[in-house]
file protein-v6.cif (mmCIF, C-alpha atoms and all ligand atoms)
data_target
loop_
_atom_site.group_PDB
_atom_site.id
_atom_site.type_symbol
_atom_site.label_atom_id
_atom_site.label_comp_id
_atom_site.auth_asym_id
_atom_site.auth_seq_id
_atom_site.Cartn_x
_atom_site.Cartn_y
_atom_site.Cartn_z
ATOM 1 C CA MET A 1 -40.013 -128.722 -62.267
ATOM 2 C CA ASP A 2 -38.900 -128.797 -65.885
ATOM 3 C CA LEU A 3 -36.624 -125.812 -66.469
ATOM 4 C CA ARG A 4 -37.326 -125.926 -70.183
ATOM 5 C CA THR A 5 -40.923 -124.906 -69.601
ATOM 6 C CA ASP A 6 -40.303 -122.821 -66.484
ATOM 7 C CA PRO A 7 -41.421 -119.206 -67.029
ATOM 8 C CA GLN A 8 -38.723 -118.167 -64.502
ATOM 9 C CA ARG A 9 -36.051 -119.759 -66.666
ATOM 10 C CA PRO A 10 -33.045 -117.458 -67.031
ATOM 11 C CA PRO A 11 -32.507 -115.533 -70.260
ATOM 12 C CA LEU A 12 -30.653 -117.644 -72.776
ATOM 13 C CA PRO A 13 -28.012 -116.489 -75.233
ATOM 14 C CA PRO A 14 -29.145 -115.779 -78.778
ATOM 15 C CA GLY A 15 -29.236 -118.968 -80.816
ATOM 16 C CA PHE A 16 -29.202 -121.061 -77.650
ATOM 17 C CA ALA A 17 -30.681 -124.279 -78.932
ATOM 18 C CA PRO A 18 -29.253 -127.646 -79.906
ATOM 19 C CA SER A 19 -30.104 -126.876 -83.509
ATOM 20 C CA ALA A 20 -28.141 -123.624 -83.525
ATOM 21 C CA SER A 21 -25.018 -124.930 -85.184
ATOM 22 C CA VAL A 22 -23.512 -121.560 -86.085
ATOM 23 C CA HIS A 23 -22.584 -119.443 -83.130
ATOM 24 C CA PRO A 24 -19.644 -117.085 -82.739
ATOM 25 C CA VAL A 25 -16.886 -118.323 -80.467
ATOM 26 C CA LEU A 26 -14.904 -115.503 -78.951
ATOM 27 C CA PRO A 27 -12.212 -117.022 -76.744
ATOM 28 C CA GLY A 28 -11.297 -114.864 -73.799
ATOM 29 C CA VAL A 29 -14.321 -112.608 -74.000
ATOM 30 C CA LEU A 30 -16.878 -113.326 -71.313
ATOM 31 C CA ASP A 31 -20.181 -111.521 -71.403
ATOM 32 C CA ALA A 32 -21.648 -112.071 -67.947
ATOM 33 C CA SER A 33 -24.001 -109.122 -68.188
ATOM 34 C CA HIS A 34 -26.963 -111.369 -67.467
ATOM 35 C CA ARG A 35 -27.536 -113.044 -64.135
ATOM 36 C CA VAL A 36 -26.402 -116.458 -65.336
ATOM 37 C CA ILE A 37 -22.714 -117.183 -66.028
ATOM 38 C CA LEU A 38 -22.981 -120.887 -66.951
ATOM 39 C CA TYR A 39 -25.760 -122.433 -69.008
ATOM 40 C CA LEU A 40 -25.895 -126.201 -69.414
ATOM 41 C CA GLU A 41 -28.961 -127.544 -71.118
ATOM 42 C CA GLY A 42 -29.869 -131.081 -72.146
ATOM 43 C CA ILE A 43 -26.291 -132.332 -71.795
ATOM 44 C CA THR A 44 -25.873 -136.025 -72.542
ATOM 45 C CA VAL A 45 -22.540 -137.869 -72.441
ATOM 46 C CA THR A 46 -22.397 -141.539 -73.376
ATOM 47 C CA PHE A 47 -19.526 -143.951 -72.760
ATOM 48 C CA ASP A 48 -19.973 -147.217 -74.673
ATOM 49 C CA GLY A 49 -23.727 -146.851 -74.535
ATOM 50 C CA PHE A 50 -23.764 -145.884 -70.830
ATOM 51 C CA ARG A 51 -25.190 -142.432 -70.089
ATOM 52 C CA ALA A 52 -22.807 -140.749 -67.650
ATOM 53 C CA LEU A 53 -24.823 -137.524 -68.112
ATOM 54 C CA ASN A 54 -28.437 -137.786 -69.143
ATOM 55 C CA ALA A 55 -30.096 -134.617 -70.485
ATOM 56 C CA LEU A 56 -28.607 -132.627 -67.618
ATOM 57 C CA THR A 57 -29.730 -129.016 -67.258
ATOM 58 C CA LEU A 58 -27.991 -126.683 -64.835
ATOM 59 C CA TYR A 59 -27.528 -122.925 -64.499
ATOM 60 C CA ILE A 60 -24.970 -121.141 -62.340
ATOM 61 C CA ASP A 61 -25.386 -117.456 -61.512
ATOM 62 C CA ALA A 62 -22.585 -114.909 -61.571
ATOM 63 C CA GLY A 63 -21.142 -114.767 -58.046
ATOM 64 C CA GLU A 64 -22.874 -117.956 -56.975
ATOM 65 C CA LEU A 65 -21.397 -120.643 -54.730
ATOM 66 C CA ARG A 66 -22.906 -123.958 -55.853
ATOM 67 C CA CYS A 67 -22.260 -127.348 -54.285
ATOM 68 C CA VAL A 68 -22.770 -130.491 -56.341
ATOM 69 C CA ILE A 69 -23.344 -133.706 -54.433
ATOM 70 C CA GLY A 70 -24.432 -137.198 -55.373
ATOM 71 C CA PRO A 71 -23.489 -140.865 -55.093
ATOM 72 C CA ASN A 72 -20.428 -142.376 -56.741
ATOM 73 C CA GLY A 73 -20.892 -142.571 -60.482
ATOM 74 C CA ALA A 74 -23.612 -139.881 -60.517
ATOM 75 C CA GLY A 75 -21.709 -137.919 -63.163
ATOM 76 C CA LYS A 76 -20.055 -135.147 -61.107
ATOM 77 C CA THR A 77 -16.603 -135.535 -62.647
ATOM 78 C CA THR A 78 -18.073 -135.906 -66.132
ATOM 79 C CA LEU A 79 -19.991 -132.669 -65.544
ATOM 80 C CA MET A 80 -16.741 -130.830 -64.767
ATOM 81 C CA ASP A 81 -15.099 -132.511 -67.774
ATOM 82 C CA VAL A 82 -17.819 -131.118 -70.045
ATOM 83 C CA ILE A 83 -17.518 -127.603 -68.597
ATOM 84 C CA THR A 84 -13.733 -127.565 -69.069
ATOM 85 C CA GLY A 85 -13.789 -129.073 -72.566
ATOM 86 C CA LYS A 86 -12.151 -132.347 -71.598
ATOM 87 C CA THR A 87 -15.237 -134.279 -72.661
ATOM 88 C CA ARG A 88 -17.545 -133.279 -75.502
ATOM 89 C CA PRO A 89 -21.255 -133.863 -74.931
ATOM 90 C CA ASP A 90 -23.139 -136.019 -77.457
ATOM 91 C CA THR A 91 -26.047 -133.616 -77.269
ATOM 92 C CA GLY A 92 -26.932 -130.444 -75.401
ATOM 93 C CA THR A 93 -25.600 -126.929 -75.138
ATOM 94 C CA ALA A 94 -23.049 -125.392 -72.808
ATOM 95 C CA PHE A 95 -22.496 -121.636 -72.730
ATOM 96 C CA PHE A 96 -20.182 -119.553 -70.575
ATOM 97 C CA GLY A 97 -21.812 -116.171 -70.308
ATOM 98 C CA GLN A 98 -23.882 -115.037 -73.231
ATOM 99 C CA SER A 99 -21.606 -115.860 -76.137
ATOM 100 C CA LEU A 100 -18.987 -118.502 -75.396
ATOM 101 C CA ASP A 101 -20.024 -121.931 -76.668
ATOM 102 C CA LEU A 102 -17.975 -124.286 -74.497
ATOM 103 C CA THR A 103 -18.698 -127.266 -76.740
ATOM 104 C CA ARG A 104 -16.740 -125.587 -79.529
ATOM 105 C CA MET A 105 -13.754 -124.403 -77.503
ATOM 106 C CA SER A 106 -10.515 -126.231 -76.650
ATOM 107 C CA GLU A 107 -9.466 -126.807 -73.037
ATOM 108 C CA PRO A 108 -6.861 -123.976 -73.157
ATOM 109 C CA GLU A 109 -9.412 -121.605 -74.715
ATOM 110 C CA ILE A 110 -11.872 -122.391 -71.930
ATOM 111 C CA ALA A 111 -9.195 -121.823 -69.291
ATOM 112 C CA ASP A 112 -8.245 -118.523 -70.950
ATOM 113 C CA ALA A 113 -11.886 -117.472 -71.013
ATOM 114 C CA GLY A 114 -11.939 -117.716 -67.218
ATOM 115 C CA ILE A 115 -12.870 -121.217 -66.060
ATOM 116 C CA GLY A 116 -10.381 -122.650 -63.565
ATOM 117 C CA ARG A 117 -10.445 -126.216 -62.305
ATOM 118 C CA LYS A 118 -8.854 -127.799 -59.303
ATOM 119 C CA PHE A 119 -8.546 -131.548 -59.297
ATOM 120 C CA GLN A 120 -8.726 -133.529 -56.082
ATOM 121 C CA LYS A 121 -4.995 -134.153 -55.770
ATOM 122 C CA PRO A 122 -2.805 -131.072 -55.344
ATOM 123 C CA THR A 123 -0.386 -130.537 -58.219
ATOM 124 C CA VAL A 124 2.060 -127.893 -57.061
ATOM 125 C CA PHE A 125 5.713 -127.591 -58.046
ATOM 126 C CA GLU A 126 7.223 -129.228 -54.952
ATOM 127 C CA ARG A 127 10.776 -127.913 -55.327
ATOM 128 C CA HIS A 128 9.730 -124.351 -55.913
ATOM 129 C CA THR A 129 8.769 -122.018 -53.121
ATOM 130 C CA VAL A 130 5.179 -120.962 -52.530
ATOM 131 C CA LEU A 131 5.988 -117.581 -54.037
ATOM 132 C CA GLU A 132 7.578 -119.129 -57.118
ATOM 133 C CA ASN A 133 4.568 -121.381 -57.596
ATOM 134 C CA LEU A 134 2.322 -118.319 -57.713
ATOM 135 C CA GLU A 135 4.707 -116.558 -60.107
ATOM 136 C CA LEU A 136 4.765 -119.598 -62.379
ATOM 137 C CA ALA A 137 0.976 -119.781 -62.335
ATOM 138 C CA MET A 138 0.774 -116.160 -63.397
ATOM 139 C CA LYS A 139 3.346 -116.630 -66.132
ATOM 140 C CA ALA A 140 1.361 -119.564 -67.435
ATOM 141 C CA ASP A 141 -1.389 -117.029 -67.981
ATOM 142 C CA LYS A 142 -1.062 -116.056 -71.635
ATOM 143 C CA ARG A 143 -2.534 -112.661 -70.861
ATOM 144 C CA VAL A 144 0.519 -111.792 -68.772
ATOM 145 C CA ARG A 145 3.598 -110.868 -70.764
ATOM 146 C CA GLY A 146 7.145 -111.730 -69.865
ATOM 147 C CA THR A 147 9.459 -114.687 -69.456
ATOM 148 C CA LEU A 148 10.372 -116.594 -66.320
ATOM 149 C CA ARG A 149 13.379 -114.344 -65.873
ATOM 150 C CA ALA A 150 11.537 -111.126 -66.369
ATOM 151 C CA ARG A 151 11.222 -108.972 -63.298
ATOM 152 C CA LEU A 152 7.763 -108.866 -61.866
ATOM 153 C CA ASP A 153 6.152 -105.531 -62.331
ATOM 154 C CA GLY A 154 4.315 -103.753 -59.566
ATOM 155 C CA GLU A 155 0.898 -105.019 -60.509
ATOM 156 C CA ALA A 156 2.086 -108.611 -60.592
ATOM 157 C CA ARG A 157 3.693 -108.251 -57.172
ATOM 158 C CA ASP A 158 0.497 -106.821 -55.800
ATOM 159 C CA ARG A 159 -1.472 -109.723 -57.204
ATOM 160 C CA ILE A 160 0.876 -112.258 -55.653
ATOM 161 C CA ALA A 161 0.816 -110.486 -52.273
ATOM 162 C CA GLU A 162 -2.959 -110.295 -52.385
ATOM 163 C CA THR A 163 -3.253 -113.982 -53.275
ATOM 164 C CA LEU A 164 -0.831 -115.003 -50.519
ATOM 165 C CA ALA A 165 -3.022 -113.133 -48.044
ATOM 166 C CA VAL A 166 -6.256 -114.634 -49.390
ATOM 167 C CA VAL A 167 -4.976 -118.220 -49.140
ATOM 168 C CA ARG A 168 -3.197 -117.336 -45.883
ATOM 169 C CA LEU A 169 0.227 -118.604 -46.899
ATOM 170 C CA GLY A 170 2.190 -115.396 -46.309
ATOM 171 C CA GLN A 171 4.125 -116.989 -43.436
ATOM 172 C CA VAL A 172 5.386 -119.813 -45.643
ATOM 173 C CA ALA A 173 5.914 -117.822 -48.843
ATOM 174 C CA HIS A 174 9.600 -118.750 -49.061
ATOM 175 C CA ARG A 175 9.256 -122.414 -48.207
ATOM 176 C CA PRO A 176 9.458 -125.099 -50.891
ATOM 177 C CA ALA A 177 5.925 -126.270 -51.661
ATOM 178 C CA GLY A 178 7.006 -129.865 -51.019
ATOM 179 C CA THR A 179 7.399 -129.069 -47.313
ATOM 180 C CA LEU A 180 3.810 -127.814 -46.876
ATOM 181 C CA SER A 181 1.019 -129.755 -45.206
ATOM 182 C CA HIS A 182 -1.643 -131.358 -47.403
ATOM 183 C CA GLY A 183 -4.060 -128.546 -46.597
ATOM 184 C CA GLN A 184 -1.503 -125.849 -47.372
ATOM 185 C CA LYS A 185 -0.758 -127.490 -50.734
ATOM 186 C CA GLN A 186 -4.443 -127.431 -51.565
ATOM 187 C CA TRP A 187 -4.665 -123.729 -50.662
ATOM 188 C CA LEU A 188 -1.548 -123.019 -52.720
ATOM 189 C CA GLU A 189 -3.117 -124.688 -55.725
ATOM 190 C CA ILE A 190 -6.253 -122.623 -55.247
ATOM 191 C CA GLY A 191 -3.972 -119.568 -55.069
ATOM 192 C CA MET A 192 -2.321 -120.626 -58.331
ATOM 193 C CA LEU A 193 -5.719 -120.798 -59.983
ATOM 194 C CA LEU A 194 -6.577 -117.370 -58.585
ATOM 195 C CA MET A 195 -3.493 -115.919 -60.276
ATOM 196 C CA GLN A 196 -5.279 -116.582 -63.570
ATOM 197 C CA GLN A 197 -8.258 -114.547 -62.333
ATOM 198 C CA PRO A 198 -11.004 -117.066 -63.150
ATOM 199 C CA LYS A 199 -14.644 -116.025 -63.310
ATOM 200 C CA LEU A 200 -15.761 -119.551 -62.532
ATOM 201 C CA LEU A 201 -13.773 -121.894 -60.328
ATOM 202 C CA LEU A 202 -14.489 -125.639 -60.215
ATOM 203 C CA LEU A 203 -13.243 -127.457 -57.114
ATOM 204 C CA ASP A 204 -13.305 -131.247 -56.930
ATOM 205 C CA GLU A 205 -13.532 -132.524 -53.329
ATOM 206 C CA PRO A 206 -11.362 -129.727 -51.941
ATOM 207 C CA VAL A 207 -11.312 -131.019 -48.345
ATOM 208 C CA ALA A 208 -10.616 -134.714 -49.004
ATOM 209 C CA GLY A 209 -7.848 -135.809 -46.635
ATOM 210 C CA MET A 210 -7.866 -132.568 -44.624
ATOM 211 C CA THR A 211 -7.912 -132.193 -40.841
ATOM 212 C CA ASP A 212 -10.963 -130.588 -39.185
ATOM 213 C CA GLU A 213 -9.069 -127.335 -38.736
ATOM 214 C CA GLU A 214 -8.030 -127.332 -42.398
ATOM 215 C CA ARG A 215 -11.639 -127.984 -43.421
ATOM 216 C CA GLU A 216 -12.766 -125.016 -41.369
ATOM 217 C CA ARG A 217 -10.193 -122.753 -42.998
ATOM 218 C CA THR A 218 -11.023 -124.075 -46.458
ATOM 219 C CA ALA A 219 -14.716 -123.317 -45.903
ATOM 220 C CA GLU A 220 -13.813 -119.748 -44.890
ATOM 221 C CA LEU A 221 -11.586 -119.423 -47.953
ATOM 222 C CA ILE A 222 -14.231 -120.678 -50.390
ATOM 223 C CA VAL A 223 -16.933 -118.439 -48.931
ATOM 224 C CA ALA A 224 -14.549 -115.464 -49.205
ATOM 225 C CA LEU A 225 -13.716 -116.356 -52.821
ATOM 226 C CA SER A 226 -17.364 -116.513 -53.792
ATOM 227 C CA SER A 227 -17.780 -112.792 -53.216
ATOM 228 C CA GLU A 228 -15.956 -112.051 -56.478
ATOM 229 C CA ARG A 229 -16.506 -115.071 -58.715
ATOM 230 C CA SER A 230 -18.700 -118.110 -59.221
ATOM 231 C CA LEU A 231 -17.695 -121.403 -57.675
ATOM 232 C CA MET A 232 -18.827 -124.967 -58.231
ATOM 233 C CA VAL A 233 -17.733 -127.328 -55.474
ATOM 234 C CA VAL A 234 -18.110 -131.103 -55.733
ATOM 235 C CA GLU A 235 -18.014 -132.589 -52.260
ATOM 236 C CA HIS A 236 -19.173 -135.646 -50.312
ATOM 237 C CA ASP A 237 -18.650 -134.123 -46.852
ATOM 238 C CA MET A 238 -22.103 -132.856 -45.853
ATOM 239 C CA ASP A 239 -20.833 -130.904 -42.818
ATOM 240 C CA PHE A 240 -18.552 -129.030 -45.154
ATOM 241 C CA VAL A 241 -21.344 -128.435 -47.680
ATOM 242 C CA ALA A 242 -23.471 -127.073 -44.825
ATOM 243 C CA ARG A 243 -20.695 -124.672 -43.852
ATOM 244 C CA LEU A 244 -20.486 -123.292 -47.381
ATOM 245 C CA GLY A 245 -24.169 -122.441 -47.272
ATOM 246 C CA GLY A 246 -24.768 -122.215 -51.025
ATOM 247 C CA LYS A 247 -27.442 -123.791 -53.197
ATOM 248 C CA VAL A 248 -26.996 -127.533 -53.594
ATOM 249 C CA THR A 249 -27.498 -129.612 -56.735
ATOM 250 C CA VAL A 250 -27.971 -133.344 -56.241
ATOM 251 C CA LEU A 251 -26.885 -135.442 -59.216
ATOM 252 C CA HIS A 252 -28.132 -138.964 -59.726
ATOM 253 C CA GLU A 253 -27.646 -141.160 -62.777
ATOM 254 C CA GLY A 254 -26.357 -138.228 -64.795
ATOM 255 C CA ALA A 255 -29.247 -135.856 -64.178
ATOM 256 C CA VAL A 256 -30.342 -133.315 -61.576
ATOM 257 C CA LEU A 257 -32.410 -135.100 -58.940
ATOM 258 C CA ALA A 258 -32.959 -132.121 -56.643
ATOM 259 C CA GLU A 259 -31.786 -128.547 -56.248
ATOM 260 C CA GLY A 260 -32.101 -126.011 -53.442
ATOM 261 C CA PRO A 261 -30.784 -125.152 -49.996
ATOM 262 C CA LEU A 262 -29.087 -128.100 -48.231
ATOM 263 C CA GLU A 263 -31.817 -128.324 -45.559
ATOM 264 C CA GLN A 264 -34.382 -128.685 -48.329
ATOM 265 C CA VAL A 265 -32.623 -131.348 -50.394
ATOM 266 C CA GLN A 266 -31.709 -133.269 -47.237
ATOM 267 C CA GLN A 267 -35.409 -133.745 -46.584
ATOM 268 C CA ASP A 268 -36.233 -134.844 -50.117
ATOM 269 C CA PRO A 269 -37.190 -138.550 -49.917
ATOM 270 C CA ARG A 270 -35.609 -139.256 -53.327
ATOM 271 C CA VAL A 271 -32.298 -137.761 -52.180
ATOM 272 C CA ILE A 272 -32.427 -139.735 -48.937
ATOM 273 C CA GLU A 273 -33.088 -142.907 -50.878
ATOM 274 C CA VAL A 274 -30.291 -142.618 -53.422
ATOM 275 C CA TYR A 275 -27.635 -140.809 -51.412
ATOM 276 C CA LEU A 276 -27.970 -139.388 -47.934
ATOM 277 C CA GLY A 277 -29.799 -142.327 -46.395
ATOM 278 C CA ARG A 278 -27.000 -144.725 -47.230
HETATM 279 N N1 LIG A 301 -13.961 -142.386 -69.743
HETATM 280 C C1 LIG A 301 -14.954 -143.173 -69.314
HETATM 281 N N2 LIG A 301 -15.237 -144.334 -69.947
HETATM 282 C C2 LIG A 301 -16.243 -145.119 -69.539
HETATM 283 N N3 LIG A 301 -17.062 -144.830 -68.494
HETATM 284 C C3 LIG A 301 -16.804 -143.699 -67.830
HETATM 285 C C4 LIG A 301 -15.758 -142.805 -68.199
HETATM 286 N N4 LIG A 301 -15.778 -141.746 -67.338
HETATM 287 C C5 LIG A 301 -16.789 -141.979 -66.480
HETATM 288 N N5 LIG A 301 -17.408 -143.133 -66.764
HETATM 289 C C6 LIG A 301 -18.564 -143.698 -66.063
HETATM 290 O O1 LIG A 301 -19.548 -142.672 -66.009
HETATM 291 C C7 LIG A 301 -20.200 -142.688 -64.756
HETATM 292 C C8 LIG A 301 -20.090 -141.304 -64.112
HETATM 293 O O2 LIG A 301 -18.763 -141.137 -63.688
HETATM 294 P P1 LIG A 301 -18.254 -139.848 -62.905
HETATM 295 O O3 LIG A 301 -16.795 -140.062 -62.648
HETATM 296 O O4 LIG A 301 -18.634 -138.630 -63.654
HETATM 297 O O5 LIG A 301 -19.086 -139.927 -61.554
HETATM 298 P P2 LIG A 301 -18.847 -139.138 -60.190
HETATM 299 O O6 LIG A 301 -20.171 -138.636 -59.754
HETATM 300 O O7 LIG A 301 -17.760 -138.144 -60.360
HETATM 301 O O8 LIG A 301 -18.375 -140.291 -59.207
HETATM 302 P P3 LIG A 301 -17.387 -140.213 -57.925
HETATM 303 O O9 LIG A 301 -18.159 -139.583 -56.806
HETATM 304 O O10 LIG A 301 -17.093 -141.672 -57.659
HETATM 305 O O11 LIG A 301 -16.168 -139.444 -58.335
HETATM 306 C C9 LIG A 301 -19.568 -143.791 -63.940
HETATM 307 O O12 LIG A 301 -20.401 -144.925 -64.011
HETATM 308 C C10 LIG A 301 -18.254 -144.011 -64.632
HETATM 309 O O13 LIG A 301 -17.836 -145.363 -64.488
#

call {"tool": "encode", "arguments": {"input": "protein-v6.cif", "output": "structure tokens"}}
result
Amino acid sequence: MDLRTDPQRPPLPPGFAPSASVHPVLPGVLDASHRVILYLEGITVTFDGFRALNALTLYIDAGELRCVIGPNGAGKTTLMDVITGKTRPDTGTAFFGQSLDLTRMSEPEIADAGIGRKFQKPTVFERHTVLENLELAMKADKRVRGTLRARLDGEARDRIAETLAVVRLGQVAHRPAGTLSHGQKQWLEIGMLLMQQPKLLLLDEPVAGMTDEERERTAELIVALSSERSLMVVEHDMDFVARLGGKVTVLHEGAVLAEGPLEQVQQDPRVIEVYLGR
């Protein structure tokens, strides 16, 4: 189905067309009043003539948990790079909510507007305690006033306590992050992203290198997180994708090959041929 001609296509922001060169950019102000929080349409990214993304069109709903799968080189990382402003598309439009044109915002502006990204490798401050890592993450948030020495006010303490509970690291709150297990470090980094209160969280292979038990807990965590924000999870582990239960987008050669519930895309002969059947 071609979403461009689909009568069910979600409402688009005013001026949402590749030709609309003048559009207000309002960093930090997300209008998610419509069902869709992320609009990507006709996105093409070329590296030395090679199309890493090829007229890709994708919509993410507010509060949706979306998994993105696909073979190596399909364009999954490039997709996240476009959303976070690391890579500029050659053509196409990318809107966050109704008014934020991601192609015209810097990486910090996009982060401030509410898009958080977790890379595959955990990047926590190893010598600092879990608690300090969360404090530092909050202080990195420009919307929160104060210096590193400033005393945390009540609201900030509540947010840290709440985050510790959500990522289930309350028991190790005073341990240096360097002493945590791989899984705990990953959860801490997710907690650090949560301190910035993102509306859309991008997670790149969150369970790579985790034990089965850690995978189970990570699935529970991600499902719990999706109740209050949108998530896009790139993952190769199909058992894990099945546990998350969200809609699945299959990328192949920089474009969407199939989209739908996992059981549906798993039965798609094209998906079996290029990815799952391997
Ligand atoms: N900066 C770059 N310069 C040149 N080619 C690039 C660059 N970044 C990505 N590519 C190429 O674009 C294609 C898509 O890469 P991308 O990393 O987005 O795929 P992926 O789906 O994330 O793959 P994987 O599952 O292996 O992480 C690949 O063929 C890759 O070699």

call {"tool": "residues_near_ligand", "arguments": {"input": "protein-v6.cif", "ligand": "ligand LIG 301 (chain A)", "cutoff": "9 Å", "atoms": "only C-alpha atoms and all ligand atoms", "output": "number ranges by chain"}}
result
A: 45-48, 50-53, 69-81, 87, 204-205, 234-236, 251-254

call {"tool": "atom_distance", "arguments": {"input": "protein-v6.cif", "atom1": "CA of Cys67 in chain A", "atom2": "CA of Leu244 in chain A"}}
result
8.2 Å

call {"tool": "closest_residue", "arguments": {"input": "protein-v6.cif", "among": "A:Gly246, A:Gly49, A:Gly42, A:Pro176", "to": "Phe125 in chain A", "atoms": "only C-alpha atoms"}}
result
A:Pro176

call {"tool": "residues_around", "arguments": {"input": "protein-v6.cif", "residues": "Phe240 in chain A", "least_positions_apart": "5", "cutoff": "9 Å", "atoms": "all atoms listed in the file", "output": "ChimeraX atom specification"}}
result
/A:207,215-216,219,235,245

call {"tool": "closest_residue", "arguments": {"input": "protein-v6.cif", "among": "A:Glu41, A:Glu64, A:Glu273, A:Glu126", "to": "Lys247 in chain A", "atoms": "only C-alpha atoms"}}
result
A:Glu64

call {"tool": "resolve_selection", "arguments": {"input": "protein-v6.cif", "expression": "the PyMOL selection byres (((chain A and resi 222) around 10) and not hetatm)", "output": "PDB file with C-alpha atoms, in the frame of the given file"}}
result
ATOM      1  CA  LEU A  65     -21.397-120.643 -54.730  1.00  0.00           C
ATOM      2  CA  VAL A 167      -4.976-118.220 -49.140  1.00  0.00           C
ATOM      3  CA  ILE A 190      -6.253-122.623 -55.247  1.00  0.00           C
ATOM      4  CA  LEU A 203     -13.243-127.457 -57.114  1.00  0.00           C
ATOM      5  CA  PRO A 206     -11.362-129.727 -51.941  1.00  0.00           C
ATOM      6  CA  ARG A 217     -10.193-122.753 -42.998  1.00  0.00           C
ATOM      7  CA  THR A 218     -11.023-124.075 -46.458  1.00  0.00           C
ATOM      8  CA  ALA A 219     -14.716-123.317 -45.903  1.00  0.00           C
ATOM      9  CA  GLU A 220     -13.813-119.748 -44.890  1.00  0.00           C
ATOM     10  CA  LEU A 221     -11.586-119.423 -47.953  1.00  0.00           C
ATOM     11  CA  VAL A 223     -16.933-118.439 -48.931  1.00  0.00           C
ATOM     12  CA  ALA A 224     -14.549-115.464 -49.205  1.00  0.00           C
ATOM     13  CA  LEU A 225     -13.716-116.356 -52.821  1.00  0.00           C
ATOM     14  CA  SER A 226     -17.364-116.513 -53.792  1.00  0.00           C
ATOM     15  CA  SER A 227     -17.780-112.792 -53.216  1.00  0.00           C
ATOM     16  CA  LEU A 231     -17.695-121.403 -57.675  1.00  0.00           C
ATOM     17  CA  VAL A 233     -17.733-127.328 -55.474  1.00  0.00           C
ATOM     18  CA  LEU A 244     -20.486-123.292 -47.381  1.00  0.00           C
TER      19      LEU A 244
END

call {"tool": "atom_distance", "arguments": {"input": "protein-v6.cif", "atom1": "CA of Gly183 in chain A", "atom2": "CA of Leu201 in chain A"}}
result
18.1 Å

call {"tool": "residues_around", "arguments": {"input": "protein-v6.cif", "residues": "range 116-121 of chain A", "least_positions_apart": "2", "cutoff": "12 Å", "atoms": "all atoms listed in the file", "output": "mmCIF file with C-alpha atoms, in the coordinates of the input"}}
result
data_model
loop_
_atom_site.group_PDB
_atom_site.id
_atom_site.type_symbol
_atom_site.label_atom_id
_atom_site.label_comp_id
_atom_site.auth_asym_id
_atom_site.auth_seq_id
_atom_site.Cartn_x
_atom_site.Cartn_y
_atom_site.Cartn_z
ATOM 1 C CA THR A 77 -16.603 -135.535 -62.647
ATOM 2 C CA LEU A 79 -19.991 -132.669 -65.544
ATOM 3 C CA MET A 80 -16.741 -130.830 -64.767
ATOM 4 C CA ASP A 81 -15.099 -132.511 -67.774
ATOM 5 C CA VAL A 82 -17.819 -131.118 -70.045
ATOM 6 C CA ILE A 83 -17.518 -127.603 -68.597
ATOM 7 C CA THR A 84 -13.733 -127.565 -69.069
ATOM 8 C CA GLY A 85 -13.789 -129.073 -72.566
ATOM 9 C CA LYS A 86 -12.151 -132.347 -71.598
ATOM 10 C CA GLU A 107 -9.466 -126.807 -73.037
ATOM 11 C CA PRO A 108 -6.861 -123.976 -73.157
ATOM 12 C CA GLU A 109 -9.412 -121.605 -74.715
ATOM 13 C CA ILE A 110 -11.872 -122.391 -71.930
ATOM 14 C CA ALA A 111 -9.195 -121.823 -69.291
ATOM 15 C CA ASP A 112 -8.245 -118.523 -70.950
ATOM 16 C CA ALA A 113 -11.886 -117.472 -71.013
ATOM 17 C CA GLY A 114 -11.939 -117.716 -67.218
ATOM 18 C CA THR A 123 -0.386 -130.537 -58.219
ATOM 19 C CA VAL A 124 2.060 -127.893 -57.061
ATOM 20 C CA ALA A 137 0.976 -119.781 -62.335
ATOM 21 C CA ASP A 141 -1.389 -117.029 -67.981
ATOM 22 C CA HIS A 182 -1.643 -131.358 -47.403
ATOM 23 C CA GLY A 183 -4.060 -128.546 -46.597
ATOM 24 C CA LYS A 185 -0.758 -127.490 -50.734
ATOM 25 C CA GLN A 186 -4.443 -127.431 -51.565
ATOM 26 C CA TRP A 187 -4.665 -123.729 -50.662
ATOM 27 C CA LEU A 188 -1.548 -123.019 -52.720
ATOM 28 C CA GLU A 189 -3.117 -124.688 -55.725
ATOM 29 C CA ILE A 190 -6.253 -122.623 -55.247
ATOM 30 C CA GLY A 191 -3.972 -119.568 -55.069
ATOM 31 C CA MET A 192 -2.321 -120.626 -58.331
ATOM 32 C CA LEU A 193 -5.719 -120.798 -59.983
ATOM 33 C CA LEU A 194 -6.577 -117.370 -58.585
ATOM 34 C CA MET A 195 -3.493 -115.919 -60.276
ATOM 35 C CA GLN A 196 -5.279 -116.582 -63.570
ATOM 36 C CA GLN A 197 -8.258 -114.547 -62.333
ATOM 37 C CA PRO A 198 -11.004 -117.066 -63.150
ATOM 38 C CA LYS A 199 -14.644 -116.025 -63.310
ATOM 39 C CA LEU A 200 -15.761 -119.551 -62.532
ATOM 40 C CA LEU A 201 -13.773 -121.894 -60.328
ATOM 41 C CA LEU A 202 -14.489 -125.639 -60.215
ATOM 42 C CA LEU A 203 -13.243 -127.457 -57.114
ATOM 43 C CA ASP A 204 -13.305 -131.247 -56.930
ATOM 44 C CA GLU A 205 -13.532 -132.524 -53.329
ATOM 45 C CA PRO A 206 -11.362 -129.727 -51.941
ATOM 46 C CA VAL A 207 -11.312 -131.019 -48.345
ATOM 47 C CA ALA A 208 -10.616 -134.714 -49.004
ATOM 48 C CA GLY A 209 -7.848 -135.809 -46.635
ATOM 49 C CA MET A 210 -7.866 -132.568 -44.624
ATOM 50 C CA ARG A 229 -16.506 -115.071 -58.715
ATOM 51 C CA SER A 230 -18.700 -118.110 -59.221
ATOM 52 C CA LEU A 231 -17.695 -121.403 -57.675
ATOM 53 C CA MET A 232 -18.827 -124.967 -58.231
ATOM 54 C CA VAL A 233 -17.733 -127.328 -55.474
ATOM 55 C CA VAL A 234 -18.110 -131.103 -55.733
ATOM 56 C CA GLU A 235 -18.014 -132.589 -52.260
#
